[in-house]
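Shown next: run-v1.csv, containing CSV, C-alpha atoms.
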chain,number,residue,atom,x,y,z
A,1,MET,CA,97.2,71.0,169.1
A,2,HIS,CA,97.5,72.6,172.6
A,3,PRO,CA,97.1,76.4,172.5
A,4,ALA,CA,100.7,76.7,173.8
A,5,GLY,CA,101.9,74.9,170.7
A,6,ASN,CA,100.1,77.4,168.5
A,7,ALA,CA,101.7,80.3,170.4
A,8,PHE,CA,105.1,78.8,170.1
A,9,LEU,CA,104.7,78.2,166.3
A,10,ALA,CA,103.5,81.8,165.8
A,11,LEU,CA,106.5,83.2,167.7
A,12,ALA,CA,109.0,80.8,166.1
A,13,VAL,CA,107.8,81.5,162.6
A,14,ALA,CA,107.7,85.3,163.2
A,15,ALA,CA,111.3,85.0,164.5
A,16,THR,CA,112.5,83.1,161.5
A,17,LEU,CA,110.8,85.5,159.0
A,18,ALA,CA,112.4,88.4,160.8
A,19,GLY,CA,115.8,86.7,160.3
A,20,CYS,CA,116.4,86.1,164.0
A,21,SER,CA,118.1,83.1,165.3
A,22,VAL,CA,116.0,80.4,167.1
A,23,GLY,CA,118.9,78.0,167.4
A,24,ILE,CA,119.8,76.4,170.7
A,25,PRO,CA,123.2,77.8,171.8
A,26,ASP,CA,125.3,76.3,174.5
A,27,PRO,CA,126.0,79.4,176.7
A,28,ALA,CA,129.6,78.2,177.3
A,29,ALA,CA,130.3,77.6,173.6
A,30,PRO,CA,131.6,79.9,170.9
A,31,ALA,CA,129.3,81.3,168.2
A,32,ALA,CA,127.6,78.6,166.0
A,33,ALA,CA,128.8,78.0,162.5
A,34,PRO,CA,126.3,79.0,159.8
A,35,ALA,CA,124.3,76.4,157.9
A,36,THR,CA,125.9,75.5,154.6
A,37,PRO,CA,124.7,73.4,151.6
A,38,THR,CA,128.0,71.5,151.4
A,39,LEU,CA,129.7,69.0,153.6
A,40,ALA,CA,131.8,70.2,156.5
A,41,THR,CA,135.6,69.9,156.2
A,42,PRO,CA,136.2,66.1,156.4
A,43,THR,CA,137.3,64.9,159.8
A,44,VAL,CA,138.9,61.5,160.2
A,45,THR,CA,137.7,59.7,163.2
A,46,PRO,CA,139.6,56.5,164.0
A,47,GLY,CA,137.4,53.4,163.8
A,48,HIS,CA,134.4,55.3,162.4
A,49,ASP,CA,133.0,54.3,159.0
A,50,SER,CA,131.2,57.4,157.8
A,51,ALA,CA,130.3,55.8,154.4
A,52,ALA,CA,128.5,52.9,156.2
A,53,VAL,CA,126.6,55.3,158.4
A,54,ALA,CA,125.6,57.5,155.5
A,55,ALA,CA,124.3,54.4,153.6
A,56,LYS,CA,121.8,53.4,156.2
A,57,ASP,CA,118.7,55.0,157.7
A,58,MET,CA,119.3,57.3,160.7
A,59,PRO,CA,116.5,56.5,163.2
A,60,PHE,CA,116.8,58.2,166.6
A,61,ALA,CA,118.3,55.0,168.0
A,62,ALA,CA,121.2,55.1,165.6
A,63,GLY,CA,122.5,58.5,166.7
A,64,ASP,CA,125.5,57.0,168.5
A,65,THR,CA,126.8,55.6,165.2
A,66,LEU,CA,127.9,59.2,164.3
A,67,ALA,CA,131.3,60.5,165.0
A,68,ALA,CA,131.5,62.5,168.2
A,69,GLY,CA,131.5,66.3,167.7
A,70,VAL,CA,131.3,66.2,163.8
A,71,PRO,CA,128.1,68.2,162.8
A,72,VAL,CA,125.4,67.1,160.5
A,73,GLN,CA,124.6,69.6,157.8
A,74,LEU,CA,121.5,70.5,155.7
A,75,SER,CA,121.4,70.5,151.9
A,76,ASP,CA,119.9,73.3,149.8
A,77,GLY,CA,117.7,70.9,147.8
A,78,LEU,CA,114.7,73.2,147.9
A,79,ARG,CA,116.6,75.6,145.6
A,80,GLU,CA,116.0,73.3,142.7
A,81,SER,CA,112.5,72.2,143.6
A,82,PRO,CA,109.7,73.4,141.3
A,83,GLY,CA,108.0,76.5,142.5
A,84,TRP,CA,110.7,77.3,145.1
A,85,GLU,CA,113.6,79.8,144.9
A,86,PRO,CA,116.2,80.9,147.4
A,87,GLY,CA,115.4,83.9,149.6
A,88,LYS,CA,117.6,85.4,152.2
A,89,GLN,CA,120.8,83.3,152.7
A,90,ASP,CA,123.1,83.0,155.6
A,91,VAL,CA,121.0,85.2,157.9
A,92,ALA,CA,121.6,84.3,161.5
A,93,GLY,CA,123.0,81.0,160.3
A,94,GLY,CA,119.9,80.1,158.3
A,95,SER,CA,118.8,79.9,154.7
A,96,GLU,CA,115.3,81.0,153.4
A,97,TYR,CA,113.3,79.4,150.6
A,98,VAL,CA,110.2,81.0,149.1
A,99,LYS,CA,107.5,79.3,147.1
A,100,THR,CA,105.2,80.8,144.6
A,101,ASP,CA,102.1,79.8,146.5
A,102,GLY,CA,103.2,81.9,149.5
A,103,CYS,CA,105.0,79.3,151.6
A,104,VAL,CA,108.3,80.2,153.3
A,105,ALA,CA,110.8,77.7,154.7
A,106,TRP,CA,113.9,78.4,156.8
A,107,ALA,CA,116.6,75.8,157.4
A,108,ARG,CA,119.3,76.0,160.1
A,109,VAL,CA,122.1,74.0,161.5
A,110,ARG,CA,123.4,74.6,165.0
A,111,THR,CA,126.6,73.2,166.5
A,112,ASN,CA,127.9,73.1,170.1
A,113,GLN,CA,124.6,71.6,171.3
A,114,GLY,CA,125.9,69.4,174.1
A,115,ALA,CA,124.2,71.4,176.8
A,116,LEU,CA,120.8,70.1,175.7
A,117,ALA,CA,121.8,66.6,174.6
A,118,VAL,CA,120.5,63.6,176.4
A,119,ARG,CA,123.4,61.2,175.8
A,120,GLY,CA,122.4,58.1,173.8
A,121,ASP,CA,118.8,59.3,173.2
A,122,ASP,CA,118.3,61.5,170.2
A,123,SER,CA,114.5,61.5,170.5
A,124,ALA,CA,114.7,62.8,174.1
A,125,SER,CA,117.3,65.3,173.0
A,126,THR,CA,115.1,66.6,170.2
A,127,ALA,CA,112.1,66.9,172.6
A,128,ALA,CA,114.4,68.9,174.9
A,129,LEU,CA,115.3,71.2,172.0
A,130,PHE,CA,111.6,72.0,171.5
A,131,GLN,CA,111.1,72.5,175.2
A,132,TYR,CA,114.1,74.9,175.3
A,133,LEU,CA,112.3,77.0,172.8
A,134,ASP,CA,109.0,76.8,174.7
A,135,PRO,CA,108.7,74.9,178.0
A,136,SER,CA,105.0,74.4,177.4
A,137,ILE,CA,105.6,72.0,174.4
A,138,LEU,CA,105.2,68.5,175.7
A,139,PRO,CA,106.6,65.5,173.9
A,140,SER,CA,103.0,64.3,173.2
A,141,TYR,CA,102.5,67.4,170.9
A,142,LEU,CA,105.3,66.1,168.6
A,143,THR,CA,105.0,63.6,165.8
A,144,THR,CA,107.8,61.6,164.1
A,145,ASP,CA,108.6,62.1,160.4
A,146,THR,CA,111.6,61.6,158.2
A,147,LEU,CA,113.8,63.7,155.9
A,148,PRO,CA,116.3,62.5,153.3
A,149,TRP,CA,119.6,61.3,154.8
A,150,GLY,CA,122.1,62.5,152.2
A,151,GLY,CA,121.7,61.2,148.7
A,152,ALA,CA,120.4,62.9,145.5
A,153,ALA,CA,117.5,65.3,145.9
A,154,GLY,CA,114.2,63.8,145.0
A,155,GLN,CA,115.6,60.3,144.7
A,156,PRO,CA,114.9,57.3,146.9
A,157,GLY,CA,117.5,56.7,149.6
A,158,ALA,CA,118.2,56.6,153.3
A,159,ARG,CA,116.0,58.6,155.7
A,160,VAL,CA,116.6,60.3,159.0
A,161,GLU,CA,114.0,60.5,161.8
A,162,VAL,CA,113.0,64.0,163.0
A,163,LEU,CA,110.3,65.3,165.3
A,164,VAL,CA,107.6,67.7,164.0
A,165,LEU,CA,105.3,70.2,165.5
A,166,VAL,CA,102.3,71.2,163.3
A,167,SER,CA,99.8,74.0,163.7
A,168,ARG,CA,96.7,74.6,161.5
A,169,ALA,CA,96.0,78.0,160.1
A,170,SER,CA,93.7,80.2,162.1
A,171,ALA,CA,92.5,83.7,162.0
A,172,GLY,CA,95.5,85.9,161.4
A,173,ALA,CA,98.0,83.0,161.6
A,174,PRO,CA,99.4,80.7,158.9
A,175,ALA,CA,99.7,77.0,158.9
A,176,ASN,CA,103.1,75.9,160.2
A,177,ALA,CA,105.3,72.9,160.6
A,178,ILE,CA,108.6,72.8,162.5
A,179,TYR,CA,111.0,69.9,162.0
A,180,ALA,CA,114.0,69.3,164.3
A,181,ARG,CA,116.6,66.6,165.1
A,182,MET,CA,119.2,66.8,167.7
A,183,PHE,CA,122.2,64.6,167.1
A,184,SER,CA,123.4,64.2,170.6
A,185,LYS,CA,126.7,62.4,170.0
A,186,ALA,CA,127.5,64.7,167.0
A,187,GLY,CA,126.6,67.7,169.2
A,188,SER,CA,124.6,69.4,166.5
A,189,SER,CA,121.0,69.9,165.5
A,190,VAL,CA,119.0,70.7,162.3
A,191,TYR,CA,115.9,72.9,162.4
A,192,ILE,CA,113.4,73.6,159.6
A,193,SER,CA,110.4,75.8,159.8
A,194,VAL,CA,107.7,75.9,157.1
A,195,SER,CA,104.9,78.5,157.1
A,196,CYS,CA,102.1,78.5,154.5
A,197,PRO,CA,98.8,80.3,153.9
A,198,ASP,CA,96.6,77.2,154.6
A,199,ALA,CA,96.6,73.4,155.2
A,200,ALA,CA,96.7,72.5,151.5
A,201,THR,CA,99.7,74.6,150.6
A,202,LEU,CA,101.4,73.4,153.8
A,203,ALA,CA,100.8,69.8,152.8
A,204,ALA,CA,102.4,70.4,149.4
A,205,ALA,CA,105.4,72.2,150.9
A,206,ARG,CA,106.0,69.4,153.4
A,207,ALA,CA,106.0,67.0,150.6
A,208,ASP,CA,108.7,69.1,148.9
A,209,VAL,CA,110.7,69.3,152.1
A,210,GLY,CA,110.4,65.6,152.8
A,211,ALA,CA,111.7,64.8,149.3
A,212,ARG,CA,114.4,67.4,148.8
A,213,LEU,CA,115.7,69.0,152.0
A,214,ALA,CA,118.2,66.5,153.2
A,215,ALA,CA,120.2,66.2,156.4
A,216,VAL,CA,123.8,65.6,155.1
A,217,PRO,CA,125.8,63.1,157.1
A,218,PRO,CA,129.5,64.1,157.8
A,219,ALA,CA,132.2,62.3,155.8
A,220,ASP,CA,135.7,61.3,156.7
Starting from the coordinates I provided, produce the structure as structure tokens.
Amino acid sequence: MHPAGNAFLALAVAATLAGCSVGIPDPAAPAAAPATPTLATPTVTPGHDSAAVAAKDMPFAAGDTLAAGVPVQLSDGLRESPGWEPGKQDVAGGSEYVKTDGCVAWARVRTNQGALAVRGDDSASTAALFQYLDPSILPSYLTTDTLPWGGAAGQPGARVEVLVLVSRASAGAPANAIYARMFSKAGSSVYISVSCPDAATLAAARADVGARLAAVPPAD
């Protein structure tokens, strides 16, 4: 990991633990809606089959199958995961989850993200989101992973691609992983940060996140 990546992670995690927003606002847009564990109010989009979209994997290349301007949400599946419990909720649009081994996760949804979106390219849009947070983060620092795409927590189902920035623990700094996905056509993003005492606890926390913290597709 490039030193700049470590610096970004330290700053980003410190910000989340302090309850500060690290979302990506569109300066011309109104204040973002807070994250919520439930679906947004259904919005009917003519010609759009939300059930079909929700039933399939959501790779970066499939972002244009979403309805324009209808945000993707995040579940609160970590609430029921063994060892985790909810911490601060609805702080700066985010929800905190705390694990008994010392890990802390923050999950946020941001809307009105059109200013950063690269139309038709959710991977480039997500990389742009990271670079907005820290211009020194290059796309080569990011790896691809997946989260659940709707469905029941902990059960097999469709997956959504995300980009991840990982930093190992060092003197005075925890091990961190930051997940993000920009949905360019939907105009929204999901952002999850996980901070743990060491590599082993981070690996276990990431397994929990990857099984239970779902991106929730919008429904008609």
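For the pair atom CA of Pro156 of chain A and atom CA of Ala211 of chain A, the interatomic distance is 8.5 Å.
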| Counting only C-alpha atoms, the residue of A:Leu138, A:Thr65, A:Ser75, A:Ser125 that sits nearest Gly151 of chain A | A:Ser75
| field | All residues 7 Å or closer to Ala107 of chain A, only C-alpha atoms, same chain fewer than 3 positions away omitted, as number ranges by chain | value | A: 94-96, 191-193
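You will find atom CA of Ala55 of chain A at 25.8 Å from atom CA of Ala127 of chain A.
Separating atom CA of Asp121 of chain A from atom CA of Ala52 of chain A is a distance of 20.6 Å.
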| Could you name the residues that touch Gly77 of chain A at 9 Å or less, counting all atoms listed in the file, but leaving out those on the same chain fewer than 4 positions away, as a PyMOL selection string? | chain A and resi 37+81+152-154+209+211-214
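For the residues A:Leu66, A:Ala180, A:Ala205, A:Val194, ranking by smallest atom-to-atom distance to Gly120 of chain A using all atoms listed in the file places A:Leu66 first.
With all atoms listed in the file taken into account, every residue lying no more than 8 Å from the file point (121.4, 71.5, 159.7) is included here: Ala35, Thr36, Val72, Gln73, Leu74, Ser75, Ala107, Arg108, Val109, Arg110, Ser188, Ser189, Val190, Tyr191, Ala215 and Val216 of chain A.
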Store the residues picked out above, limited to C-alpha atoms, as a PDB file, keeping the file's coordinate frame.
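Full text of selection.pdb as output:
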ATOM      1  CA  ALA A  35     124.300  76.400 157.900  1.00  0.00           C
ATOM      2  CA  THR A  36     125.900  75.500 154.600  1.00  0.00           C
ATOM      3  CA  VAL A  72     125.400  67.100 160.500  1.00  0.00           C
ATOM      4  CA  GLN A  73     124.600  69.600 157.800  1.00  0.00           C
ATOM      5  CA  LEU A  74     121.500  70.500 155.700  1.00  0.00           C
ATOM      6  CA  SER A  75     121.400  70.500 151.900  1.00  0.00           C
ATOM      7  CA  ALA A 107     116.600  75.800 157.400  1.00  0.00           C
ATOM      8  CA  ARG A 108     119.300  76.000 160.100  1.00  0.00           C
ATOM      9  CA  VAL A 109     122.100  74.000 161.500  1.00  0.00           C
ATOM     10  CA  ARG A 110     123.400  74.600 165.000  1.00  0.00           C
ATOM     11  CA  SER A 188     124.600  69.400 166.500  1.00  0.00           C
ATOM     12  CA  SER A 189     121.000  69.900 165.500  1.00  0.00           C
ATOM     13  CA  VAL A 190     119.000  70.700 162.300  1.00  0.00           C
ATOM     14  CA  TYR A 191     115.900  72.900 162.400  1.00  0.00           C
ATOM     15  CA  ALA A 215     120.200  66.200 156.400  1.00  0.00           C
ATOM     16  CA  VAL A 216     123.800  65.600 155.100  1.00  0.00           C
TER      17      VAL A 216
END
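The residue that comes closest to Val160 of chain A, out of A:Leu129, A:Met182, A:Leu142, A:Ala199 and on the basis of only C-alpha atoms, is A:Met182.
Among A:Ala105, A:Pro139, A:Arg119, A:Asp76, the residue with the shortest atom-to-atom distance to Ala177 of chain A, counting all atoms listed in the file, is A:Ala105.
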| request: Determine, counting all atoms listed in the file, every residue of protein, DNA or RNA that lies within 7 Å of (125.6, 63.5, 168.6) in the file coordinates, then give the result as an MDAnalysis selection string. | output: chainID A and resid 63:64 66 68:69 183:188
